[in-house]
$ cat final-v4.cif   # mmCIF, C-alpha atoms
data_run
loop_
_atom_site.group_PDB
_atom_site.id
_atom_site.type_symbol
_atom_site.label_atom_id
_atom_site.label_comp_id
_atom_site.auth_asym_id
_atom_site.auth_seq_id
_atom_site.Cartn_x
_atom_site.Cartn_y
_atom_site.Cartn_z
ATOM 1 C CA MET A 1 63.365 62.360 -4.750
ATOM 2 C CA PHE A 2 62.643 61.250 -1.191
ATOM 3 C CA ALA A 3 60.706 62.683 1.743
ATOM 4 C CA GLU A 4 60.590 61.690 5.383
ATOM 5 C CA ARG A 5 57.671 59.343 5.924
ATOM 6 C CA GLU A 6 56.069 61.169 8.856
ATOM 7 C CA ALA A 7 56.472 64.592 7.251
ATOM 8 C CA TRP A 8 54.901 63.256 4.045
ATOM 9 C CA ARG A 9 51.964 61.687 5.877
ATOM 10 C CA ALA A 10 51.341 64.946 7.732
ATOM 11 C CA LEU A 11 50.756 66.818 4.476
ATOM 12 C CA ALA A 12 47.256 67.370 3.097
ATOM 13 C CA PRO A 13 46.746 65.496 -0.208
ATOM 14 C CA TRP A 14 46.928 68.671 -2.307
ATOM 15 C CA ASP A 15 50.169 69.650 -0.560
ATOM 16 C CA ARG A 16 51.612 66.232 -1.378
ATOM 17 C CA TYR A 17 50.762 66.901 -4.992
ATOM 18 C CA LEU A 18 52.468 70.299 -4.889
ATOM 19 C CA ALA A 19 55.533 68.565 -3.427
ATOM 20 C CA ARG A 20 55.481 66.136 -6.383
ATOM 21 C CA VAL A 21 55.464 69.090 -8.785
ATOM 22 C CA HIS A 22 58.442 70.672 -7.011
ATOM 23 C CA ALA A 23 60.290 67.332 -7.113
ATOM 24 C CA VAL A 24 59.815 67.142 -10.890
ATOM 25 C CA ALA A 25 61.038 70.748 -11.199
ATOM 26 C CA LEU A 26 64.206 69.835 -9.311
ATOM 27 C CA ASP A 27 64.788 66.768 -11.463
ATOM 28 C CA HIS A 28 63.813 68.458 -14.753
ATOM 29 C CA PRO A 29 65.023 72.084 -14.726
ATOM 30 C CA GLY A 30 63.205 74.166 -17.307
ATOM 31 C CA ALA A 31 60.036 72.033 -17.279
ATOM 32 C CA VAL A 32 56.889 73.960 -18.196
ATOM 33 C CA PHE A 33 54.031 72.768 -16.000
ATOM 34 C CA CYS A 34 50.412 72.696 -17.168
ATOM 35 C CA ASP A 35 46.954 71.420 -16.223
ATOM 36 C CA GLU A 36 46.613 70.403 -12.517
ATOM 37 C CA SER A 37 50.321 70.992 -11.955
ATOM 38 C CA ALA A 38 50.071 74.606 -13.141
ATOM 39 C CA ALA A 39 46.929 75.044 -11.025
ATOM 40 C CA ALA A 40 48.816 73.833 -7.954
ATOM 41 C CA LEU A 41 51.685 76.268 -8.581
ATOM 42 C CA LEU A 42 49.216 79.126 -9.107
ATOM 43 C CA GLY A 43 47.463 78.365 -5.815
ATOM 44 C CA ALA A 44 44.234 77.413 -7.600
ATOM 45 C CA ALA A 45 41.881 74.583 -6.624
ATOM 46 C CA VAL A 46 43.349 71.071 -6.657
ATOM 47 C CA PHE A 47 41.312 68.070 -5.529
ATOM 48 C CA GLY A 48 43.200 65.552 -3.461
ATOM 49 C CA ASP A 49 46.518 64.266 -4.815
ATOM 50 C CA PRO A 50 46.215 63.743 -8.596
ATOM 51 C CA HIS A 51 49.592 61.918 -8.483
ATOM 52 C CA VAL A 52 50.416 62.528 -12.160
ATOM 53 C CA VAL A 53 52.487 65.663 -12.843
ATOM 54 C CA HIS A 54 51.633 67.446 -16.098
ATOM 55 C CA VAL A 55 54.338 69.054 -18.237
ATOM 56 C CA SER A 56 53.898 71.016 -21.451
ATOM 57 C CA VAL A 57 56.314 70.225 -24.309
ATOM 58 C CA PRO A 58 56.977 72.135 -27.559
ATOM 59 C CA ALA A 59 55.198 71.395 -30.833
ATOM 60 C CA GLY A 60 56.787 68.418 -32.566
ATOM 61 C CA ALA A 61 57.262 66.501 -29.318
ATOM 62 C CA THR A 62 55.076 63.554 -28.322
ATOM 63 C CA SER A 63 52.362 63.427 -25.664
ATOM 64 C CA ARG A 64 53.027 60.469 -23.375
ATOM 65 C CA GLN A 65 53.104 59.346 -19.752
ATOM 66 C CA SER A 66 56.103 57.834 -17.981
ATOM 67 C CA GLY A 67 57.373 57.754 -14.419
ATOM 68 C CA GLY A 68 54.446 59.735 -13.046
ATOM 69 C CA ILE A 69 54.895 62.549 -15.587
ATOM 70 C CA ARG A 70 52.444 63.191 -18.429
ATOM 71 C CA THR A 71 53.481 65.467 -21.281
ATOM 72 C CA ARG A 72 51.098 67.556 -23.377
ATOM 73 C CA VAL A 73 52.084 69.271 -26.611
ATOM 74 C CA ARG A 74 52.061 73.034 -26.163
ATOM 75 C CA THR A 75 50.294 75.235 -28.698
ATOM 76 C CA GLU A 76 51.797 78.466 -29.991
ATOM 77 C CA THR A 77 49.125 80.475 -28.190
ATOM 78 C CA ASP A 78 49.752 79.014 -24.716
ATOM 79 C CA GLY A 79 50.660 81.795 -22.308
ATOM 80 C CA ILE A 80 53.660 80.983 -20.121
ATOM 81 C CA LEU A 81 54.772 82.587 -16.874
ATOM 82 C CA SER A 82 57.799 82.104 -14.635
ATOM 83 C CA SER A 83 58.170 82.738 -10.918
ATOM 84 C CA ALA A 84 60.727 81.660 -8.318
ATOM 85 C CA GLY A 85 62.559 79.602 -10.913
ATOM 86 C CA MET A 86 59.512 77.603 -12.013
ATOM 87 C CA THR A 87 57.582 77.921 -15.272
ATOM 88 C CA ALA A 88 53.933 77.088 -15.978
ATOM 89 C CA THR A 89 51.073 77.925 -18.280
ATOM 90 C CA ASP A 90 49.428 81.136 -17.133
ATOM 91 C CA ALA A 91 46.194 81.368 -15.168
ATOM 92 C CA VAL A 92 43.871 81.938 -18.138
ATOM 93 C CA VAL A 93 45.338 79.100 -20.208
ATOM 94 C CA THR A 94 45.300 76.756 -17.205
ATOM 95 C CA ALA A 95 41.690 77.512 -16.295
ATOM 96 C CA VAL A 96 40.414 77.089 -19.848
ATOM 97 C CA THR A 97 42.371 73.882 -20.448
ATOM 98 C CA LEU A 98 40.942 72.255 -17.325
ATOM 99 C CA ALA A 99 37.457 73.575 -18.136
ATOM 100 C CA ARG A 100 37.719 71.880 -21.520
ATOM 101 C CA HIS A 101 39.207 68.565 -20.491
ATOM 102 C CA ARG A 102 38.031 67.800 -16.942
ATOM 103 C CA HIS A 103 34.594 67.211 -15.422
ATOM 104 C CA PRO A 104 32.736 70.555 -15.272
ATOM 105 C CA VAL A 105 32.656 70.524 -11.456
ATOM 106 C CA ILE A 106 36.462 70.502 -11.409
ATOM 107 C CA GLY A 107 36.676 73.073 -14.179
ATOM 108 C CA LEU A 108 34.332 75.401 -12.291
ATOM 109 C CA ALA A 109 36.258 75.131 -9.020
ATOM 110 C CA VAL A 110 39.527 75.943 -10.827
ATOM 111 C CA ALA A 111 38.025 78.848 -12.774
ATOM 112 C CA ASP A 112 36.413 80.295 -9.622
ATOM 113 C CA SER A 113 39.698 80.095 -7.733
ATOM 114 C CA ILE A 114 41.655 81.670 -10.614
ATOM 115 C CA LEU A 115 39.261 84.649 -10.716
ATOM 116 C CA ARG A 116 39.396 84.926 -6.919
ATOM 117 C CA LEU A 117 43.200 84.867 -6.786
ATOM 118 C CA ASP A 118 43.654 87.557 -9.441
ATOM 119 C CA ARG A 119 40.817 90.073 -9.599
ATOM 120 C CA SER A 120 42.300 91.598 -12.768
ATOM 121 C CA LEU A 121 41.198 88.455 -14.638
ATOM 122 C CA THR A 122 37.659 88.291 -16.014
ATOM 123 C CA ARG A 123 35.246 85.819 -17.532
ATOM 124 C CA ASP A 124 35.624 87.674 -20.833
ATOM 125 C CA MET A 125 39.337 86.841 -20.817
ATOM 126 C CA LEU A 126 38.560 83.166 -20.207
ATOM 127 C CA ARG A 127 35.878 83.281 -22.895
ATOM 128 C CA ALA A 128 38.258 84.811 -25.445
ATOM 129 C CA GLU A 129 40.895 82.144 -24.744
ATOM 130 C CA ASN A 130 38.318 79.387 -25.172
ATOM 131 C CA GLU A 131 36.802 80.741 -28.371
ATOM 132 C CA HIS A 132 40.110 81.613 -30.072
ATOM 133 C CA ARG A 133 41.713 78.186 -29.715
ATOM 134 C CA ALA A 134 42.008 76.403 -33.030
ATOM 135 C CA SER A 135 40.793 73.106 -31.595
ATOM 136 C CA GLY A 136 37.096 72.873 -30.813
ATOM 137 C CA ARG A 137 37.551 69.885 -28.482
ATOM 138 C CA GLY A 138 35.931 70.648 -25.142
ATOM 139 C CA ARG A 139 34.846 74.155 -26.167
ATOM 140 C CA ALA A 140 31.167 73.662 -25.292
ATOM 141 C CA CYS A 141 32.024 72.143 -21.912
ATOM 142 C CA ALA A 142 34.274 75.120 -21.150
ATOM 143 C CA ARG A 143 31.476 77.525 -22.086
ATOM 144 C CA TRP A 144 29.312 76.078 -19.310
ATOM 145 C CA VAL A 145 32.127 76.587 -16.802
ATOM 146 C CA ILE A 146 33.079 80.079 -17.945
ATOM 147 C CA ASP A 147 29.499 81.347 -17.962
ATOM 148 C CA ARG A 148 29.254 80.463 -14.257
ATOM 149 C CA ALA A 149 32.765 81.254 -13.047
ATOM 150 C CA THR A 150 32.920 83.908 -10.322
ATOM 151 C CA PRO A 151 35.421 85.202 -7.770
ATOM 152 C CA LEU A 152 32.601 85.237 -5.193
ATOM 153 C CA ALA A 153 32.961 81.512 -4.493
ATOM 154 C CA GLU A 154 35.379 81.504 -1.562
ATOM 155 C CA SER A 155 36.362 77.821 -1.567
ATOM 156 C CA PRO A 156 36.253 74.693 -3.743
ATOM 157 C CA LEU A 157 33.390 73.464 -1.543
ATOM 158 C CA GLU A 158 31.306 76.501 -2.516
ATOM 159 C CA SER A 159 32.127 75.966 -6.193
ATOM 160 C CA VAL A 160 31.109 72.317 -6.014
ATOM 161 C CA SER A 161 27.914 73.154 -4.120
ATOM 162 C CA ARG A 162 26.901 75.680 -6.790
ATOM 163 C CA ALA A 163 27.310 73.091 -9.543
ATOM 164 C CA VAL A 164 25.452 70.405 -7.583
ATOM 165 C CA THR A 165 22.657 72.866 -6.743
ATOM 166 C CA GLU A 166 22.106 73.552 -10.442
ATOM 167 C CA TRP A 167 22.364 69.913 -11.497
ATOM 168 C CA LEU A 168 19.811 68.929 -8.845
ATOM 169 C CA GLY A 169 17.415 71.366 -10.501
ATOM 170 C CA PHE A 170 17.224 73.957 -7.706
ATOM 171 C CA PRO A 171 17.088 77.687 -8.480
ATOM 172 C CA ASP A 172 20.336 79.632 -8.491
ATOM 173 C CA PRO A 173 21.193 81.225 -5.135
ATOM 174 C CA VAL A 174 22.549 84.699 -4.494
ATOM 175 C CA LEU A 175 26.231 84.384 -3.596
ATOM 176 C CA GLN A 176 27.959 86.025 -0.631
ATOM 177 C CA ARG A 177 24.971 88.058 0.511
ATOM 178 C CA GLU A 178 25.813 90.463 3.362
ATOM 179 C CA PHE A 179 23.585 90.748 6.431
ATOM 180 C CA VAL A 180 23.996 93.629 8.864
ATOM 181 C CA ALA A 181 22.851 92.903 12.426
ATOM 182 C CA THR A 182 21.256 95.472 14.749
ATOM 183 C CA GLY A 183 24.568 95.984 16.532
ATOM 184 C CA GLY A 184 26.336 96.697 13.257
ATOM 185 C CA THR A 185 28.050 93.326 12.784
ATOM 186 C CA THR A 186 28.190 92.257 9.125
ATOM 187 C CA ASP A 187 27.935 88.567 8.247
ATOM 188 C CA ARG A 188 28.365 87.236 4.723
ATOM 189 C CA GLY A 189 26.336 84.184 3.749
ATOM 190 C CA ASP A 190 27.363 81.628 1.140
ATOM 191 C CA LEU A 191 24.149 80.658 -0.708
ATOM 192 C CA TRP A 192 20.997 82.759 -0.257
ATOM 193 C CA TRP A 193 17.476 82.169 -1.575
ATOM 194 C CA PRO A 194 15.597 85.389 -0.719
ATOM 195 C CA HIS A 195 12.095 84.102 -1.542
ATOM 196 C CA LEU A 196 12.419 81.581 1.315
ATOM 197 C CA ARG A 197 14.791 83.682 3.403
ATOM 198 C CA LEU A 198 16.940 80.531 3.334
ATOM 199 C CA LEU A 199 20.698 80.651 3.849
ATOM 200 C CA ALA A 200 22.913 77.631 3.117
ATOM 201 C CA GLU A 201 26.398 77.674 4.612
ATOM 202 C CA ALA A 202 29.361 75.671 3.283
ATOM 203 C CA ASP A 203 31.224 74.396 6.345
ATOM 204 C CA GLY A 204 34.524 72.740 5.512
ATOM 205 C CA ASP A 205 35.423 69.891 7.853
ATOM 206 C CA VAL A 206 38.704 71.545 8.845
ATOM 207 C CA LYS A 207 36.703 74.183 10.716
ATOM 208 C CA TYR A 208 35.799 71.595 13.321
ATOM 209 C CA ASP A 209 38.593 68.999 13.240
ATOM 210 C CA GLY A 210 41.015 71.000 15.360
ATOM 211 C CA THR A 211 43.295 71.954 12.462
ATOM 212 C CA HIS A 212 42.600 75.657 12.941
ATOM 213 C CA GLY A 213 41.996 75.837 16.662
ATOM 214 C CA ASP A 214 39.582 74.543 19.276
ATOM 215 C CA PRO A 215 36.606 72.870 17.490
ATOM 216 C CA LEU A 216 34.277 73.605 20.421
ATOM 217 C CA GLU A 217 35.114 77.278 20.152
ATOM 218 C CA ALA A 218 34.458 77.138 16.390
ATOM 219 C CA LEU A 219 31.048 75.549 16.991
ATOM 220 C CA GLN A 220 30.184 78.179 19.580
ATOM 221 C CA LYS A 221 31.081 80.937 17.135
ATOM 222 C CA ARG A 222 28.837 79.291 14.553
ATOM 223 C CA ARG A 223 25.916 79.137 16.990
ATOM 224 C CA THR A 224 26.395 82.776 17.946
ATOM 225 C CA ARG A 225 26.498 83.789 14.299
ATOM 226 C CA ASP A 226 23.403 81.716 13.486
ATOM 227 C CA ILE A 227 21.467 83.369 16.299
ATOM 228 C CA ARG A 228 22.525 86.794 15.041
ATOM 229 C CA LEU A 229 21.409 85.952 11.485
ATOM 230 C CA LEU A 230 18.089 84.451 12.596
ATOM 231 C CA ALA A 231 17.315 87.592 14.563
ATOM 232 C CA GLY A 232 17.413 89.522 11.315
ATOM 233 C CA GLU A 233 16.501 88.791 7.719
ATOM 234 C CA VAL A 234 17.268 85.052 7.713
ATOM 235 C CA SER A 235 14.495 82.567 8.604
ATOM 236 C CA LYS A 236 16.319 79.275 7.947
ATOM 237 C CA ILE A 237 19.961 78.191 7.949
ATOM 238 C CA ALA A 238 21.178 74.924 6.425
ATOM 239 C CA HIS A 239 24.779 73.894 7.109
ATOM 240 C CA PHE A 240 26.453 71.410 4.788
ATOM 241 C CA GLY A 241 29.910 69.976 4.272
ATOM 242 C CA TRP A 242 31.937 68.083 1.713
ATOM 243 C CA THR A 243 30.289 64.724 2.344
ATOM 244 C CA GLU A 244 26.720 66.006 1.942
ATOM 245 C CA VAL A 245 27.451 67.781 -1.332
ATOM 246 C CA THR A 246 29.583 65.147 -3.025
ATOM 247 C CA PHE A 247 27.311 62.240 -2.122
ATOM 248 C CA VAL A 248 24.527 64.465 -3.545
ATOM 249 C CA ASP A 249 21.509 62.715 -1.951
ATOM 250 C CA PRO A 250 22.038 64.226 1.535
ATOM 251 C CA TYR A 251 22.408 67.699 0.019
ATOM 252 C CA ARG A 252 19.192 67.262 -1.978
ATOM 253 C CA ALA A 253 17.341 66.116 1.144
ATOM 254 C CA LEU A 254 18.732 69.038 3.156
ATOM 255 C CA LEU A 255 17.482 71.674 0.710
ATOM 256 C CA LEU A 256 14.118 69.982 0.142
ATOM 257 C CA GLY A 257 13.694 69.746 3.908
ATOM 258 C CA GLN A 258 14.112 73.517 4.131
ATOM 259 C CA GLY A 259 11.308 74.048 1.616
ATOM 260 C CA LEU A 260 13.379 74.738 -1.497
ATOM 261 C CA GLN A 261 11.687 73.340 -4.602
ATOM 262 C CA THR A 262 13.265 72.249 -7.853
ATOM 263 C CA VAL A 263 12.656 74.260 -11.017
ATOM 264 C CA ALA A 264 14.424 72.034 -13.560
ATOM 265 C CA PRO A 265 15.127 68.328 -14.153
ATOM 266 C CA GLU A 266 18.175 66.733 -12.558
ATOM 267 C CA ASN A 267 21.328 66.273 -14.595
ATOM 268 C CA THR A 268 21.946 62.706 -13.487
ATOM 269 C CA ALA A 269 25.090 62.204 -15.572
ATOM 270 C CA ALA A 270 26.831 65.267 -14.118
ATOM 271 C CA LEU A 271 25.812 64.301 -10.576
ATOM 272 C CA ALA A 272 27.114 60.768 -11.059
ATOM 273 C CA GLY A 273 30.452 62.274 -12.042
ATOM 274 C CA VAL A 274 30.547 64.336 -8.839
ATOM 275 C CA LYS A 275 30.003 61.210 -6.746
ATOM 276 C CA ARG A 276 32.601 59.229 -8.677
ATOM 277 C CA LEU A 277 35.293 61.887 -8.638
ATOM 278 C CA LEU A 278 34.847 63.765 -5.371
ATOM 279 C CA ALA A 279 32.837 61.778 -2.811
ATOM 280 C CA PRO A 280 35.045 60.510 0.032
ATOM 281 C CA ARG A 281 35.984 56.838 -0.289
ATOM 282 C CA ARG A 282 35.912 54.560 2.729
ATOM 283 C CA HIS A 283 39.720 54.709 3.053
ATOM 284 C CA ASP A 284 39.627 58.549 2.912
ATOM 285 C CA THR A 285 37.398 59.014 5.959
#

$ encode --input "final-v4.cif" --output "structure tokens"
Amino acid sequence: MFAEREAWRALAPWDRYLARVHAVALDHPGAVFCDESAAALLGAAVFGDPHVVHVSVPAGATSRQSGGIRTRVRTETDGILSSAGMTATDAVVTAVTLARHRHPVIGLAVADSILRLDRSLTRDMLRAENEHRASGRGRACARWVIDRATPLAESPLESVSRAVTEWLGFPDPVLQREFVATGGTTDRGDLWWPHLRLLAEADGDVKYDGTHGDPLEALQKRRTRDIRLLAGEVSKIAHFGWTEVTFVDPYRALLLGQGLQTVAPENTAALAGVKRLLAPRRHDT
């Protein structure tokens, strides 16, 4: 399969990955996609371009990787769904599989996005899928993810920030707190610590890179909103982006600088994984 060079380069990394999945579907009609490939088809969180396309194969087949395609043996309990001529493991199976077999920060972002995309799905459904699988591999890791999964996280950045906040030892924030201004305007904040009246806002870089309109206008809207919030219940606002959270140290310094204190030891191993997997590399910036 081929794509025009300029059109390919114009795609975001996750859209390139989705294009890879569609290319495999064209070349392998009837393929059943799983793992990150199923997540991409479902519209769930995908980080960058994973490159490898994941396909589920029936019991008795062999798990292997060749030509950019990795096969995984399907269990009898795997739920399958089809749409627009493509077939993949369903949302619950996909979320639990990634929660079991990927770093917890990735598992949480996928589970959050799955619950956000389909509000009929619940943590109890994810929990039942995890506990009823015959294999115990990854079950405990998935429990951590499922216990924290919520549709309230509105983006992968928010999901990652929640995990990093916990692993740094800070107290859990209230998610998506609503603030009603004197004039009646309602603003929803991302992470809220009421004892400090501290609001932390996840600002994706695309808000200010011109992708979605004039960046100066976006910054002005942010200032106006901040002023409105500070005139009410909020005393402090900390804005952070992808770089601060995934490099971890800047995010820690930001929250400490706002007076937030830790209540638990750091999980250094989990934080190291965040840096390794998600922090922008020099060639990405």

$ resolve_selection --input "final-v4.cif" --expression "the PyMOL selection byres ((chain A and resi 40) around 12)" --output "PyMOL selection string"
chain A and resi 13-22+33-39+41-51+53-54+88-91+94-95+110+113-114

$ resolve_selection --input "final-v4.cif" --expression "the PyMOL selection byres ((chain A and resi 180) around 12)" --output "PyMOL selection string"
chain A and resi 177-179+181-189+225+228-234

$ write_last_selection --input "final-v4.cif" --atoms "C-alpha atoms" --output "mmCIF file, keeping the file's coordinate frame"
data_model
loop_
_atom_site.group_PDB
_atom_site.id
_atom_site.type_symbol
_atom_site.label_atom_id
_atom_site.label_comp_id
_atom_site.auth_asym_id
_atom_site.auth_seq_id
_atom_site.Cartn_x
_atom_site.Cartn_y
_atom_site.Cartn_z
ATOM 1 C CA ARG A 177 24.971 88.058 0.511
ATOM 2 C CA GLU A 178 25.813 90.463 3.362
ATOM 3 C CA PHE A 179 23.585 90.748 6.431
ATOM 4 C CA ALA A 181 22.851 92.903 12.426
ATOM 5 C CA THR A 182 21.256 95.472 14.749
ATOM 6 C CA GLY A 183 24.568 95.984 16.532
ATOM 7 C CA GLY A 184 26.336 96.697 13.257
ATOM 8 C CA THR A 185 28.050 93.326 12.784
ATOM 9 C CA THR A 186 28.190 92.257 9.125
ATOM 10 C CA ASP A 187 27.935 88.567 8.247
ATOM 11 C CA ARG A 188 28.365 87.236 4.723
ATOM 12 C CA GLY A 189 26.336 84.184 3.749
ATOM 13 C CA ARG A 225 26.498 83.789 14.299
ATOM 14 C CA ARG A 228 22.525 86.794 15.041
ATOM 15 C CA LEU A 229 21.409 85.952 11.485
ATOM 16 C CA LEU A 230 18.089 84.451 12.596
ATOM 17 C CA ALA A 231 17.315 87.592 14.563
ATOM 18 C CA GLY A 232 17.413 89.522 11.315
ATOM 19 C CA GLU A 233 16.501 88.791 7.719
ATOM 20 C CA VAL A 234 17.268 85.052 7.713
#

$ residues_around --input "final-v4.cif" --residues "Glu158 (chain A)" --least-positions-apart "3" --cutoff "10 Å" --atoms "all atoms listed in the file" --output "VMD selection string"
chain A and resid 109 112 152 to 155 161 to 164 175 190 to 191 201 to 204 241 to 242 245

$ closest_residue --input "final-v4.cif" --among "A:Ala142, A:Ala12, A:Ile237, A:Ala111" --to "Gln258 (chain A)" --atoms "all atoms listed in the file"
A:Ile237

$ axis_aligned_box --input "final-v4.cif" --around "region 172-191 of chain A" --padding-each-side "4 Å" --output "lines of an AutoDock Vina configuration file"
center_x = 24.4
center_y = 88.2
center_z = 4.0
size_x = 16.0
size_y = 25.1
size_z = 33.0

$ atom_distance --input "final-v4.cif" --atom1 "CA of Leu278 (chain A)" --atom2 "CA of Thr246 (chain A)"
5.9 Å

$ atom_distance --input "final-v4.cif" --atom1 "CA of Val248 (chain A)" --atom2 "CA of Ala279 (chain A)"
8.8 Å

$ atom_distance --input "final-v4.cif" --atom1 "CA of Arg276 (chain A)" --atom2 "CA of Ala238 (chain A)"
24.6 Å

$ residues_near_point --input "final-v4.cif" --point "(12.9, 79.8, 4.0)" --cutoff "6 Å" --atoms "only C-alpha atoms" --output "PyMOL selection string"
chain A and resi 196-198+235-236

$ write_last_selection --input "final-v4.cif" --atoms "C-alpha atoms" --output "tab-separated table (two decimals), keeping the file's coordinate frame"
chain	number	residue	atom	x	y	z
A	196	LEU	CA	12.42	81.58	1.32
A	197	ARG	CA	14.79	83.68	3.40
A	198	LEU	CA	16.94	80.53	3.33
A	235	SER	CA	14.50	82.57	8.60
A	236	LYS	CA	16.32	79.28	7.95

$ resolve_selection --input "final-v4.cif" --expression "the PyMOL selection byres ((chain A and resi 72) around 6)" --output "PyMOL selection string"
chain A and resi 56-57+63+71+73

$ build_atoms --input "final-v4.cif" --residues "region 2-9 of chain A" --atoms "all heavy atoms" --output "PDB file, in the coordinates of the input"
ATOM      1  N   PHE A   2      63.163  61.934  -2.369  1.00  0.00           N
ATOM      2  CA  PHE A   2      62.643  61.250  -1.191  1.00  0.00           C
ATOM      3  C   PHE A   2      62.154  62.275  -0.169  1.00  0.00           C
ATOM      4  O   PHE A   2      62.637  63.409  -0.123  1.00  0.00           O
ATOM      5  CB  PHE A   2      63.722  60.374  -0.558  1.00  0.00           C
ATOM      6  CG  PHE A   2      64.180  59.253  -1.447  1.00  0.00           C
ATOM      7  CD1 PHE A   2      65.250  59.427  -2.314  1.00  0.00           C
ATOM      8  CD2 PHE A   2      63.531  58.029  -1.419  1.00  0.00           C
ATOM      9  CE1 PHE A   2      65.674  58.395  -3.139  1.00  0.00           C
ATOM     10  CE2 PHE A   2      63.950  56.992  -2.236  1.00  0.00           C
ATOM     11  CZ  PHE A   2      65.023  57.182  -3.105  1.00  0.00           C
ATOM     12  N   ALA A   3      61.205  61.854   0.644  1.00  0.00           N
ATOM     13  CA  ALA A   3      60.706  62.683   1.743  1.00  0.00           C
ATOM     14  C   ALA A   3      60.607  61.820   2.983  1.00  0.00           C
ATOM     15  O   ALA A   3      60.404  60.597   2.894  1.00  0.00           O
ATOM     16  CB  ALA A   3      59.331  63.260   1.408  1.00  0.00           C
ATOM     17  N   GLU A   4      60.758  62.437   4.140  1.00  0.00           N
ATOM     18  CA  GLU A   4      60.590  61.690   5.383  1.00  0.00           C
ATOM     19  C   GLU A   4      59.145  61.217   5.496  1.00  0.00           C
ATOM     20  O   GLU A   4      58.215  61.970   5.239  1.00  0.00           O
ATOM     21  CB  GLU A   4      60.944  62.576   6.577  1.00  0.00           C
ATOM     22  CG  GLU A   4      62.417  62.919   6.671  1.00  0.00           C
ATOM     23  CD  GLU A   4      62.737  63.712   7.928  1.00  0.00           C
ATOM     24  OE1 GLU A   4      61.807  63.905   8.751  1.00  0.00           O
ATOM     25  OE2 GLU A   4      63.899  64.121   8.080  1.00  0.00           O
ATOM     26  N   ARG A   5      58.996  59.963   5.909  1.00  0.00           N
ATOM     27  CA  ARG A   5      57.671  59.343   5.924  1.00  0.00           C
ATOM     28  C   ARG A   5      56.662  60.131   6.754  1.00  0.00           C
ATOM     29  O   ARG A   5      55.555  60.415   6.290  1.00  0.00           O
ATOM     30  CB  ARG A   5      57.774  57.913   6.454  1.00  0.00           C
ATOM     31  CG  ARG A   5      56.428  57.200   6.526  1.00  0.00           C
ATOM     32  CD  ARG A   5      56.563  55.817   7.119  1.00  0.00           C
ATOM     33  NE  ARG A   5      57.456  54.999   6.300  1.00  0.00           N
ATOM     34  CZ  ARG A   5      57.819  53.769   6.635  1.00  0.00           C
ATOM     35  NH1 ARG A   5      57.391  53.227   7.766  1.00  0.00           N
ATOM     36  NH2 ARG A   5      58.617  53.070   5.847  1.00  0.00           N
ATOM     37  N   GLU A   6      57.025  60.492   7.983  1.00  0.00           N
ATOM     38  CA  GLU A   6      56.069  61.169   8.856  1.00  0.00           C
ATOM     39  C   GLU A   6      55.734  62.568   8.340  1.00  0.00           C
ATOM     40  O   GLU A   6      54.590  63.019   8.424  1.00  0.00           O
ATOM     41  CB  GLU A   6      56.623  61.250  10.287  1.00  0.00           C
ATOM     42  CG  GLU A   6      56.742  59.891  10.965  1.00  0.00           C
ATOM     43  CD  GLU A   6      55.442  59.105  10.921  1.00  0.00           C
ATOM     44  OE1 GLU A   6      54.372  59.697  11.213  1.00  0.00           O
ATOM     45  OE2 GLU A   6      55.483  57.906  10.590  1.00  0.00           O
ATOM     46  N   ALA A   7      56.731  63.261   7.808  1.00  0.00           N
ATOM     47  CA  ALA A   7      56.472  64.592   7.251  1.00  0.00           C
ATOM     48  C   ALA A   7      55.542  64.482   6.046  1.00  0.00           C
ATOM     49  O   ALA A   7      54.639  65.308   5.862  1.00  0.00           O
ATOM     50  CB  ALA A   7      57.785  65.255   6.846  1.00  0.00           C
ATOM     51  N   TRP A   8      55.744  63.458   5.224  1.00  0.00           N
ATOM     52  CA  TRP A   8      54.901  63.256   4.045  1.00  0.00           C
ATOM     53  C   TRP A   8      53.463  62.943   4.452  1.00  0.00           C
ATOM     54  O   TRP A   8      52.513  63.500   3.909  1.00  0.00           O
ATOM     55  CB  TRP A   8      55.479  62.123   3.202  1.00  0.00           C
ATOM     56  CG  TRP A   8      54.690  61.796   1.966  1.00  0.00           C
ATOM     57  CD1 TRP A   8      53.824  60.762   1.783  1.00  0.00           C
ATOM     58  CD2 TRP A   8      54.700  62.524   0.738  1.00  0.00           C
ATOM     59  NE1 TRP A   8      53.290  60.779   0.529  1.00  0.00           N
ATOM     60  CE2 TRP A   8      53.815  61.855  -0.138  1.00  0.00           C
ATOM     61  CE3 TRP A   8      55.372  63.660   0.297  1.00  0.00           C
ATOM     62  CZ2 TRP A   8      53.589  62.304  -1.445  1.00  0.00           C
ATOM     63  CZ3 TRP A   8      55.151  64.103  -1.015  1.00  0.00           C
ATOM     64  CH2 TRP A   8      54.267  63.429  -1.852  1.00  0.00           C
ATOM     65  N   ARG A   9      53.307  62.064   5.432  1.00  0.00           N
ATOM     66  CA  ARG A   9      51.964  61.687   5.877  1.00  0.00           C
ATOM     67  C   ARG A   9      51.226  62.850   6.517  1.00  0.00           C
ATOM     68  O   ARG A   9      49.997  62.895   6.515  1.00  0.00           O
ATOM     69  CB  ARG A   9      52.059  60.521   6.865  1.00  0.00           C
ATOM     70  CG  ARG A   9      52.424  59.197   6.223  1.00  0.00           C
ATOM     71  CD  ARG A   9      52.542  58.092   7.264  1.00  0.00           C
ATOM     72  NE  ARG A   9      52.754  56.787   6.646  1.00  0.00           N
ATOM     73  CZ  ARG A   9      52.986  55.673   7.322  1.00  0.00           C
ATOM     74  NH1 ARG A   9      53.061  55.713   8.658  1.00  0.00           N
ATOM     75  NH2 ARG A   9      53.163  54.529   6.683  1.00  0.00           N
TER      76      ARG A   9
END
